[in-house]
Amino acid sequence: MTRRGYTMIEMLLSMSMLGLVLDIGISATGSLVRLAHEAGQPAQRVDLACDALRRDLGAGGHIQGQDLFAGKIRWHVAAGTLTRDGVPRLEVVDAIWQQVGREIIVRIRPVGFAQREVCAWP
C-alpha cells in the first residue's frame, strides 16, 4: 500500500470517530434537555393552576358546600385532585377555600410542594 492510500484510510477512520463522538454528544444533550424539561413540569402545573384560579376569581366567586364557584366555573377537590369544571388540574394533599367578607381565600397544598395561597376580592 502506498503512503497516499494509508493517509486516506487514516482520514476515514478519524472522520468515523469524530462522527461517533458527535452522535453521542448530540444524544446526551437531547436527553439532558428532555430531563430538565420534565423536572420543571410539576412546578409549572402548580403555577398554572394558581394562575387559572386567580383569574377565575377575578370575576367574582362564592362557596357552595364543598365547591368553589368562580364566575360560572366550578372548582372542586375529589380523591386528591383539584378539578376545574370537571377537568383535573392538579394533584393536591388538600385545598381549603374560605370567604371572609367579600374576600375569597384559597389555600392549596400540592403534592410535593409547599402550600400556596390565592386571594381575590371581587
# chains A, B, ... in the order shown; residues from 1 in each chain; ligands from 1
>>> residues_around(residues="region 83-98 of chain A", least_positions_apart="3", cutoff="7 Å", atoms="only C-alpha atoms", output="list in words")
Arg45, Val46, Ala49, Ile73, Arg74, Trp75, His76, Val77, Gly80, Ile104, Ile105, Val106, Arg107, Ile108, Arg109, Pro110 and Val111 of chain A
>>> select_by_dssp(residues="chain A", states="strand (DSSP E)", output="MDAnalysis selection string")
chainID A and resid 61:64 67:70 73:78 81:84 87:100 103:110 116:120
>>> write_last_selection(atoms="C-alpha atoms", output="PDB file, in the first residue's frame")
ATOM      1  CA  GLY A  61     -66.944  33.890  43.329  1.00  0.00           C
ATOM      2  CA  HIS A  62     -68.761  32.151  46.123  1.00  0.00           C
ATOM      3  CA  ILE A  63     -68.508  28.949  48.111  1.00  0.00           C
ATOM      4  CA  GLN A  64     -71.316  26.449  47.921  1.00  0.00           C
ATOM      5  CA  ASP A  67     -67.329  23.619  45.779  1.00  0.00           C
ATOM      6  CA  LEU A  68     -65.925  26.991  44.858  1.00  0.00           C
ATOM      7  CA  PHE A  69     -67.727  28.804  42.069  1.00  0.00           C
ATOM      8  CA  ALA A  70     -65.663  31.482  40.369  1.00  0.00           C
ATOM      9  CA  ILE A  73     -66.586  27.883  36.712  1.00  0.00           C
ATOM     10  CA  ARG A  74     -66.745  25.177  39.376  1.00  0.00           C
ATOM     11  CA  TRP A  75     -63.595  24.255  41.311  1.00  0.00           C
ATOM     12  CA  HIS A  76     -63.778  21.015  43.296  1.00  0.00           C
ATOM     13  CA  VAL A  77     -61.451  18.645  45.148  1.00  0.00           C
ATOM     14  CA  ALA A  78     -62.136  14.915  44.936  1.00  0.00           C
ATOM     15  CA  THR A  81     -57.341  16.037  42.630  1.00  0.00           C
ATOM     16  CA  LEU A  82     -58.223  19.684  42.150  1.00  0.00           C
ATOM     17  CA  THR A  83     -60.589  19.967  39.210  1.00  0.00           C
ATOM     18  CA  ARG A  84     -61.800  22.933  37.195  1.00  0.00           C
ATOM     19  CA  VAL A  87     -61.091  18.671  34.275  1.00  0.00           C
ATOM     20  CA  PRO A  88     -58.216  17.520  36.537  1.00  0.00           C
ATOM     21  CA  ARG A  89     -55.769  20.376  37.081  1.00  0.00           C
ATOM     22  CA  LEU A  90     -53.503  19.392  39.969  1.00  0.00           C
ATOM     23  CA  GLU A  91     -52.786  16.612  42.476  1.00  0.00           C
ATOM     24  CA  VAL A  92     -53.230  18.076  45.972  1.00  0.00           C
ATOM     25  CA  VAL A  93     -52.910  16.960  49.574  1.00  0.00           C
ATOM     26  CA  ASP A  94     -55.725  19.361  50.407  1.00  0.00           C
ATOM     27  CA  ALA A  95     -57.385  22.565  49.279  1.00  0.00           C
ATOM     28  CA  ILE A  96     -59.275  24.876  51.584  1.00  0.00           C
ATOM     29  CA  TRP A  97     -61.389  27.809  50.489  1.00  0.00           C
ATOM     30  CA  GLN A  98     -62.971  30.314  52.775  1.00  0.00           C
ATOM     31  CA  GLN A  99     -64.814  33.578  52.383  1.00  0.00           C
ATOM     32  CA  VAL A 100     -64.058  36.482  54.699  1.00  0.00           C
ATOM     33  CA  GLU A 103     -62.551  38.298  50.027  1.00  0.00           C
ATOM     34  CA  ILE A 104     -62.122  34.678  48.954  1.00  0.00           C
ATOM     35  CA  ILE A 105     -59.012  32.915  50.225  1.00  0.00           C
ATOM     36  CA  VAL A 106     -57.901  29.622  48.693  1.00  0.00           C
ATOM     37  CA  ARG A 107     -55.115  27.573  50.282  1.00  0.00           C
ATOM     38  CA  ILE A 108     -53.776  24.764  48.111  1.00  0.00           C
ATOM     39  CA  ARG A 109     -51.158  22.236  49.210  1.00  0.00           C
ATOM     40  CA  PRO A 110     -49.964  20.468  46.037  1.00  0.00           C
ATOM     41  CA  ARG A 116     -49.890  28.171  48.083  1.00  0.00           C
ATOM     42  CA  GLU A 117     -52.429  30.867  48.833  1.00  0.00           C
ATOM     43  CA  VAL A 118     -54.598  32.636  46.321  1.00  0.00           C
ATOM     44  CA  CYS A 119     -56.664  35.636  47.427  1.00  0.00           C
ATOM     45  CA  ALA A 120     -59.251  37.541  45.436  1.00  0.00           C
TER      46      ALA A 120
END
>>> select_by_dssp(residues="region 22-85 of chain A", states="helix (DSSP H, G or I)", output="VMD selection string")
chain A and resid 22 to 57
>>> atom_distance(atom1="CA of Pro42 (chain A)", atom2="CA of Arg54 (chain A)")
18.5 Å
>>> closest_residue(among="A:Gly71, A:Ala43, A:Ala28, A:Thr7", to="Gly112 (chain A)", atoms="only C-alpha atoms")
A:Ala43
>>> decode(residues="region 99-114 of chain A", atoms="all heavy atoms", output="PDB file, in the first residue's frame")
ATOM      1  N   GLN A  99     -64.398  32.234  52.764  1.00  0.00           N
ATOM      2  CA  GLN A  99     -64.814  33.578  52.383  1.00  0.00           C
ATOM      3  C   GLN A  99     -64.844  34.438  53.638  1.00  0.00           C
ATOM      4  O   GLN A  99     -65.489  34.091  54.619  1.00  0.00           O
ATOM      5  CB  GLN A  99     -66.196  33.532  51.727  1.00  0.00           C
ATOM      6  CG  GLN A  99     -66.572  34.819  51.055  1.00  0.00           C
ATOM      7  CD  GLN A  99     -67.708  34.633  50.062  1.00  0.00           C
ATOM      8  OE1 GLN A  99     -68.256  33.557  49.924  1.00  0.00           O
ATOM      9  NE2 GLN A  99     -68.058  35.701  49.387  1.00  0.00           N
ATOM     10  N   VAL A 100     -64.118  35.535  53.589  1.00  0.00           N
ATOM     11  CA  VAL A 100     -64.058  36.482  54.699  1.00  0.00           C
ATOM     12  C   VAL A 100     -64.559  37.811  54.158  1.00  0.00           C
ATOM     13  O   VAL A 100     -63.840  38.505  53.432  1.00  0.00           O
ATOM     14  CB  VAL A 100     -62.619  36.620  55.245  1.00  0.00           C
ATOM     15  CG1 VAL A 100     -62.581  37.603  56.393  1.00  0.00           C
ATOM     16  CG2 VAL A 100     -62.057  35.273  55.646  1.00  0.00           C
ATOM     17  N   GLY A 101     -65.789  38.134  54.473  1.00  0.00           N
ATOM     18  CA  GLY A 101     -66.402  39.325  53.891  1.00  0.00           C
ATOM     19  C   GLY A 101     -66.547  39.118  52.391  1.00  0.00           C
ATOM     20  O   GLY A 101     -67.147  38.145  51.939  1.00  0.00           O
ATOM     21  N   ARG A 102     -65.976  40.005  51.595  1.00  0.00           N
ATOM     22  CA  ARG A 102     -66.017  39.844  50.132  1.00  0.00           C
ATOM     23  C   ARG A 102     -64.794  39.115  49.592  1.00  0.00           C
ATOM     24  O   ARG A 102     -64.767  38.720  48.441  1.00  0.00           O
ATOM     25  CB  ARG A 102     -66.120  41.221  49.472  1.00  0.00           C
ATOM     26  CG  ARG A 102     -67.432  41.924  49.807  1.00  0.00           C
ATOM     27  CD  ARG A 102     -67.596  43.216  49.072  1.00  0.00           C
ATOM     28  NE  ARG A 102     -67.591  42.939  47.636  1.00  0.00           N
ATOM     29  CZ  ARG A 102     -67.197  43.807  46.717  1.00  0.00           C
ATOM     30  NH1 ARG A 102     -66.776  44.994  47.082  1.00  0.00           N
ATOM     31  NH2 ARG A 102     -67.221  43.507  45.450  1.00  0.00           N
ATOM     32  N   GLU A 103     -63.794  38.939  50.455  1.00  0.00           N
ATOM     33  CA  GLU A 103     -62.551  38.298  50.027  1.00  0.00           C
ATOM     34  C   GLU A 103     -62.694  36.772  50.045  1.00  0.00           C
ATOM     35  O   GLU A 103     -63.245  36.193  50.962  1.00  0.00           O
ATOM     36  CB  GLU A 103     -61.412  38.704  50.959  1.00  0.00           C
ATOM     37  CG  GLU A 103     -60.094  38.066  50.617  1.00  0.00           C
ATOM     38  CD  GLU A 103     -59.017  38.427  51.623  1.00  0.00           C
ATOM     39  OE1 GLU A 103     -59.321  38.830  52.752  1.00  0.00           O
ATOM     40  OE2 GLU A 103     -57.842  38.297  51.259  1.00  0.00           O
ATOM     41  N   ILE A 104     -62.170  36.136  49.015  1.00  0.00           N
ATOM     42  CA  ILE A 104     -62.122  34.678  48.954  1.00  0.00           C
ATOM     43  C   ILE A 104     -60.658  34.267  49.043  1.00  0.00           C
ATOM     44  O   ILE A 104     -59.819  34.741  48.278  1.00  0.00           O
ATOM     45  CB  ILE A 104     -62.756  34.142  47.662  1.00  0.00           C
ATOM     46  CG1 ILE A 104     -64.242  34.461  47.663  1.00  0.00           C
ATOM     47  CG2 ILE A 104     -62.516  32.643  47.529  1.00  0.00           C
ATOM     48  CD1 ILE A 104     -64.967  34.021  46.428  1.00  0.00           C
ATOM     49  N   ILE A 105     -60.375  33.393  50.007  1.00  0.00           N
ATOM     50  CA  ILE A 105     -59.012  32.915  50.225  1.00  0.00           C
ATOM     51  C   ILE A 105     -58.986  31.422  49.912  1.00  0.00           C
ATOM     52  O   ILE A 105     -59.790  30.659  50.441  1.00  0.00           O
ATOM     53  CB  ILE A 105     -58.557  33.151  51.675  1.00  0.00           C
ATOM     54  CG1 ILE A 105     -58.635  34.640  52.012  1.00  0.00           C
ATOM     55  CG2 ILE A 105     -57.145  32.615  51.881  1.00  0.00           C
ATOM     56  CD1 ILE A 105     -58.458  34.939  53.476  1.00  0.00           C
ATOM     57  N   VAL A 106     -58.061  31.026  49.056  1.00  0.00           N
ATOM     58  CA  VAL A 106     -57.901  29.622  48.693  1.00  0.00           C
ATOM     59  C   VAL A 106     -56.492  29.193  49.083  1.00  0.00           C
ATOM     60  O   VAL A 106     -55.521  29.830  48.683  1.00  0.00           O
ATOM     61  CB  VAL A 106     -58.120  29.402  47.179  1.00  0.00           C
ATOM     62  CG1 VAL A 106     -57.934  27.939  46.824  1.00  0.00           C
ATOM     63  CG2 VAL A 106     -59.486  29.895  46.753  1.00  0.00           C
ATOM     64  N   ARG A 107     -56.406  28.133  49.886  1.00  0.00           N
ATOM     65  CA  ARG A 107     -55.115  27.573  50.282  1.00  0.00           C
ATOM     66  C   ARG A 107     -54.999  26.183  49.646  1.00  0.00           C
ATOM     67  O   ARG A 107     -55.808  25.316  49.924  1.00  0.00           O
ATOM     68  CB  ARG A 107     -55.007  27.490  51.792  1.00  0.00           C
ATOM     69  CG  ARG A 107     -54.887  28.840  52.438  1.00  0.00           C
ATOM     70  CD  ARG A 107     -54.716  28.746  53.948  1.00  0.00           C
ATOM     71  NE  ARG A 107     -54.643  30.066  54.515  1.00  0.00           N
ATOM     72  CZ  ARG A 107     -55.700  30.747  54.938  1.00  0.00           C
ATOM     73  NH1 ARG A 107     -56.896  30.230  54.837  1.00  0.00           N
ATOM     74  NH2 ARG A 107     -55.552  31.956  55.441  1.00  0.00           N
ATOM     75  N   ILE A 108     -53.999  26.021  48.824  1.00  0.00           N
ATOM     76  CA  ILE A 108     -53.776  24.764  48.111  1.00  0.00           C
ATOM     77  C   ILE A 108     -52.440  24.195  48.558  1.00  0.00           C
ATOM     78  O   ILE A 108     -51.445  24.905  48.593  1.00  0.00           O
ATOM     79  CB  ILE A 108     -53.728  25.001  46.585  1.00  0.00           C
ATOM     80  CG1 ILE A 108     -55.019  25.617  46.098  1.00  0.00           C
ATOM     81  CG2 ILE A 108     -53.456  23.700  45.844  1.00  0.00           C
ATOM     82  CD1 ILE A 108     -54.946  26.081  44.658  1.00  0.00           C
ATOM     83  N   ARG A 109     -52.421  22.904  48.900  1.00  0.00           N
ATOM     84  CA  ARG A 109     -51.158  22.236  49.210  1.00  0.00           C
ATOM     85  C   ARG A 109     -50.952  21.137  48.166  1.00  0.00           C
ATOM     86  O   ARG A 109     -51.424  20.019  48.312  1.00  0.00           O
ATOM     87  CB  ARG A 109     -51.167  21.651  50.613  1.00  0.00           C
ATOM     88  CG  ARG A 109     -49.795  21.199  51.029  1.00  0.00           C
ATOM     89  CD  ARG A 109     -49.586  21.071  52.511  1.00  0.00           C
ATOM     90  NE  ARG A 109     -50.785  20.837  53.256  1.00  0.00           N
ATOM     91  CZ  ARG A 109     -50.926  19.866  54.160  1.00  0.00           C
ATOM     92  NH1 ARG A 109     -49.935  19.058  54.399  1.00  0.00           N
ATOM     93  NH2 ARG A 109     -52.044  19.726  54.823  1.00  0.00           N
ATOM     94  N   PRO A 110     -50.225  21.464  47.083  1.00  0.00           N
ATOM     95  CA  PRO A 110     -49.964  20.468  46.037  1.00  0.00           C
ATOM     96  C   PRO A 110     -49.051  19.359  46.556  1.00  0.00           C
ATOM     97  O   PRO A 110     -48.234  19.583  47.448  1.00  0.00           O
ATOM     98  CB  PRO A 110     -49.258  21.261  44.938  1.00  0.00           C
ATOM     99  CG  PRO A 110     -49.464  22.696  45.285  1.00  0.00           C
ATOM    100  CD  PRO A 110     -49.666  22.767  46.756  1.00  0.00           C
ATOM    101  N   VAL A 111     -49.191  18.184  46.000  1.00  0.00           N
ATOM    102  CA  VAL A 111     -48.340  17.053  46.369  1.00  0.00           C
ATOM    103  C   VAL A 111     -46.887  17.398  46.032  1.00  0.00           C
ATOM    104  O   VAL A 111     -46.568  17.752  44.905  1.00  0.00           O
ATOM    105  CB  VAL A 111     -48.779  15.777  45.621  1.00  0.00           C
ATOM    106  CG1 VAL A 111     -47.809  14.637  45.886  1.00  0.00           C
ATOM    107  CG2 VAL A 111     -50.192  15.383  46.019  1.00  0.00           C
ATOM    108  N   GLY A 112     -46.021  17.347  47.049  1.00  0.00           N
ATOM    109  CA  GLY A 112     -44.599  17.598  46.844  1.00  0.00           C
ATOM    110  C   GLY A 112     -44.189  19.059  46.873  1.00  0.00           C
ATOM    111  O   GLY A 112     -43.031  19.373  46.624  1.00  0.00           O
ATOM    112  N   PHE A 113     -45.119  19.962  47.180  1.00  0.00           N
ATOM    113  CA  PHE A 113     -44.806  21.393  47.193  1.00  0.00           C
ATOM    114  C   PHE A 113     -45.358  22.031  48.465  1.00  0.00           C
ATOM    115  O   PHE A 113     -46.223  21.479  49.126  1.00  0.00           O
ATOM    116  CB  PHE A 113     -45.425  22.104  45.982  1.00  0.00           C
ATOM    117  CG  PHE A 113     -44.794  21.721  44.679  1.00  0.00           C
ATOM    118  CD1 PHE A 113     -45.313  20.691  43.923  1.00  0.00           C
ATOM    119  CD2 PHE A 113     -43.678  22.384  44.215  1.00  0.00           C
ATOM    120  CE1 PHE A 113     -44.731  20.325  42.733  1.00  0.00           C
ATOM    121  CE2 PHE A 113     -43.093  22.031  43.016  1.00  0.00           C
ATOM    122  CZ  PHE A 113     -43.622  20.994  42.272  1.00  0.00           C
ATOM    123  N   ALA A 114     -44.864  23.218  48.766  1.00  0.00           N
ATOM    124  CA  ALA A 114     -45.357  23.973  49.907  1.00  0.00           C
ATOM    125  C   ALA A 114     -46.746  24.528  49.591  1.00  0.00           C
ATOM    126  O   ALA A 114     -47.154  24.617  48.440  1.00  0.00           O
ATOM    127  CB  ALA A 114     -44.403  25.123  50.220  1.00  0.00           C
TER     128      ALA A 114
END
